[in-house]
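The block underneath contains the structure these notes are about, expressed in structure tokens.
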Amino acid sequence: MANLETKLGALSLKNPVMPASGTYGYGDDVPEYVDTGQFGAMVTKSLTRLPREGNPPPRIVETTSGMINSIGLANIGVEAFIEDKLPLVRDKNFCLIVNIAGSKLEEYCEVLEMLDEQDGIDGYEINVSCPNVKEGGMEFGVSVPHLTKLIRALRERTERAIITKLSPNVTSIETMAQTAVDAGTDMISLVNTLVGSKIDIETHQPRISTIFGGLSGPAIKPIAVAQVYKVYEVVGVPIIGMGGIQNAADVIEFMQAGATAIEIGTMNYRDPATGINLLPELTDWLDKHSFDNISDIIGIAHE
Amino acid sequence: MKNAHVENIPVIANEEVADQIYWMKLQSSYLAKETKPGQFVNILADSGNQILWRRPFSVARITDDLIEIIYKVVGPGTRFMSQLEPGDSANLLGPLGNAFTLDFEPDTVPLLIGGGLGFAPLVILRDYFVAHGKKPALFMGAPTATEHYYQRDEFADLHLSSDDGTKGYHGFITEYFKEYLLANDRNTKYRAYSCGPEPMMVRVAHICREFGIPMELSIEREMACGIGFCQGCVIELVPPAKKYALVCKDGPIFDADLLRITE
């Protein structure tokens with residue numbers, strides 16, 4: 001039986017599947033039928049220094065094969081996370097990756113420093129790509145000097161893995177990826193949501209309170225695969241791919257494009273066990289195609 | 001939410017009981033055992049993946065190992081559901097959300113006020129009260145006679161209305177409800193439950209406040225997940241509570257005094 005183990009730098013994951021930030025809460029409050037210990041890693045919702053209520057409703061709308069969200073980084077804040085949530089997830093059988101967001105460089109640093117004092121965290125995913133908050137860190141995701149400064153500052157503050165989560169809403173994803181790598185990120189994750197909008201033609205009103213939100217789901221998968229492919233061509237660090245993944249075939253496609261691991265987002269809303277249910281299929285595919293290790297398929301679409 | 005799980009369960013019946021309104025019965029001993037009045041289930045409404053979100057429906061009745069839901073065909077998701085036949089299976093996630101408050105003083109009369117499809121969660125509540133020896137007063141309004149799907153009740157005090165006068169009281173159910181309260185002894189203790197279009201529930205809340213009747217309502221919002229993951233289905237609360245509650249997890253049942261809409 002094929003081995004699903006994959007290595008994200010110094011982190012060893014028993015399989016490449018993890019929930020995407022913002023689609024699984026903090027990993028603690030999950031229906032009991034889902035054995036979260038089967039995930040390779042867990043990525044928390046974005047944490048900011050202080051709690052955030054989030055954007056006014058309506059925050060979500062369904063689109064063909066996808067959805068648009070504008071939650072606005074609603075979260076309990078880093079202190080409440082450390083106090084109430086971390087003890088519930090730190091000893092689980094998955095790597096724990098905490099997603100960090102902020103509006104200023106200082107905020108990212110402060111959140112990271114507070115988390116870095118805690119045991120049981122394996123790495124940080126840095127959200128520089130939230131499209132839904134004015135001060136959501138998006139400037140860091142689209143500007144080379146800002147991104148350089150931020151990732152350098154965080155690099156100086158931790159030995160743990162840093163994953164920079166990139167925005168697809170840029171002219172050159174390769175430039176942003178290279179920038180993050182030069183500044184010291186250990187890995188890249190992509191893509192965050194694409195800017196989207198939906199209008200109710202009867203009321204003439206946008207269906208999202210902030211007019212624009214982040215489009216996710218199977219509708220964006222080909223765009224995400226293309227961006228993973230492009231980034232793999234230019235950087236040597238591991239890539240975590242995401243964007244509309246629904247099943248084992250999608251996981252394999254992202255990995256062939258160059259991803260070392262993947263995140264599942266929108267499909268968790270349909271069934272939070274999606275990522276676990278696809279694991280046997282993943283093994284079957286590898287066995288049928290005579291791959292002993294899932295790591296053997298990383299980037300093979302480039303050969 | 002912790003006990004929610006996903007299962008493929010058989011469709012036992014799926015009948016059109018009024019114009020474009022279907023009453024579906026599904027077999028699940030798990031859901032029949034675990035679901036409390038006011039809770040809902042999320043149903044996959046697509047065999048492929050064009051329609052990503054499950055559709056939420058209040059459980060309207062539980063008999064033995066069957067759970068029953070009532071829905072109206074309004075879009076592609078409910079159209080898909082209406083085409084399911086006995087023998088087909090449906091994929092459900094549930095039970096979800098909180099439940100109505102069921103225990104209160106023995107001499108209290110339950111008032112159940114529903115509009116259109118919103119009557120669905122009140123049916124299971126009515127069943128609970130009847131099974132516990134109470135005689136609830138039911139108020140159900142619809143735009144017209146052909147949209148009435150709950151027309152008889154031997155064990156409850158049933159009041160029907162239609163906006164166009166083709167069935168029961170001619171006018172809004174809220175006005176019928178107010179006339180009922182005015183005509184009854186003001187010393188009777190009541191507790192009210194409402195589900196239906198939001199303007200209707202807001203009006204019921206105001207009437208209940210006027211008469212000093214505690215009231216709970218069942219809120220509907222579009223939901224991506226139903227389990228608190230997406231943070232999309234928020235409703236605004238009045239201070240000093242936190243600003244937003246999640247309809248899927250903190251609700252769908254709310255005390256009317258807690259919501260901004262019923263202020």
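For the structure tokens, the naming scheme is as follows: chains receive sequential letters (A, B, ...) according to their order of presentation, residues are indexed from 1 within each chain, and ligands are indexed from 1 in presentation order.
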
Which residues of chain A are close to chain B, meaning at most 6 Å apart when you count only C-alpha atoms, and how do they look as a list in words? Thr23, Tyr24, Gly25, Pro31, Glu32, Tyr33, Arg59, Ile60, Thr64, Ser65, Tyr269 and Arg270 of chain A

Stretch 99-255 of chain B: which residues are strand (DSSP E or B) by DSSP, as a count of residues only? 43

Which residue of B:Met24, B:Lys178, B:Ala18, B:Ala60 approaches B:Thr144 most closely, using only C-alpha atoms: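 Selected residue with least distance to B:Thr144: B:Ala18.
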
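With only C-alpha atoms as the basis for measurement, B:Cys195 is the residue among B:Ala183, B:Met81, B:Ala145, B:Cys195 that approaches B:Leu117 most closely.
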
Can you list, as a VMD selection string, all residues belonging to stretch 133-249 of chain B that DSSP tags as alpha helix (DSSP H)? chain B and resid 173 to 183 198 to 210

May I have the residues within 6 Å of stretch 92-109 of chain A as a short mmCIF file (atom, residue, chain, number, x, y, z; two decimals) with C-alpha atoms, in the first residue's frame, using only C-alpha atoms and disregarding those fewer than 5 positions away in the same chain?
data_model
loop_
_atom_site.label_atom_id
_atom_site.label_comp_id
_atom_site.auth_asym_id
_atom_site.auth_seq_id
_atom_site.Cartn_x
_atom_site.Cartn_y
_atom_site.Cartn_z
CA GLY A 37 -6.72 12.96 13.98
CA GLY A 40 -2.16 15.39 8.09
CA ALA A 41 -2.40 18.86 9.61
CA MET A 42 -4.98 21.30 10.91
CA VAL A 43 -4.99 24.97 9.93
CA THR A 44 -6.88 27.30 12.24
CA SER A 46 -7.04 33.49 11.01
CA LEU A 47 -6.18 34.98 14.38
CA THR A 48 -5.71 38.66 15.02
CA ILE A 121 2.21 24.65 17.50
CA ASP A 122 4.11 23.38 14.48
CA GLY A 123 3.96 26.36 12.19
CA TYR A 124 2.29 29.56 11.11
CA GLU A 125 0.41 30.29 7.95
CA ILE A 126 0.64 34.01 7.26
CA ASN A 127 -2.50 35.45 5.72
CA GLU A 135 -6.97 46.56 6.84
CA GLY A 136 -6.76 42.81 6.17
CA GLY A 137 -3.12 42.61 5.29
CA LEU A 150 6.72 41.40 6.94
#

Can you tell me how far atom CA of A:Arg152 sits from atom CA of A:Val89, in Å to one decimal? 28.3 Å

Excluding same-chain residues fewer than 4 positions from B:Lys72, what lies within 8 Å of it counting only C-alpha atoms, as a ChimeraX atom specification? /B:20-22,78,117
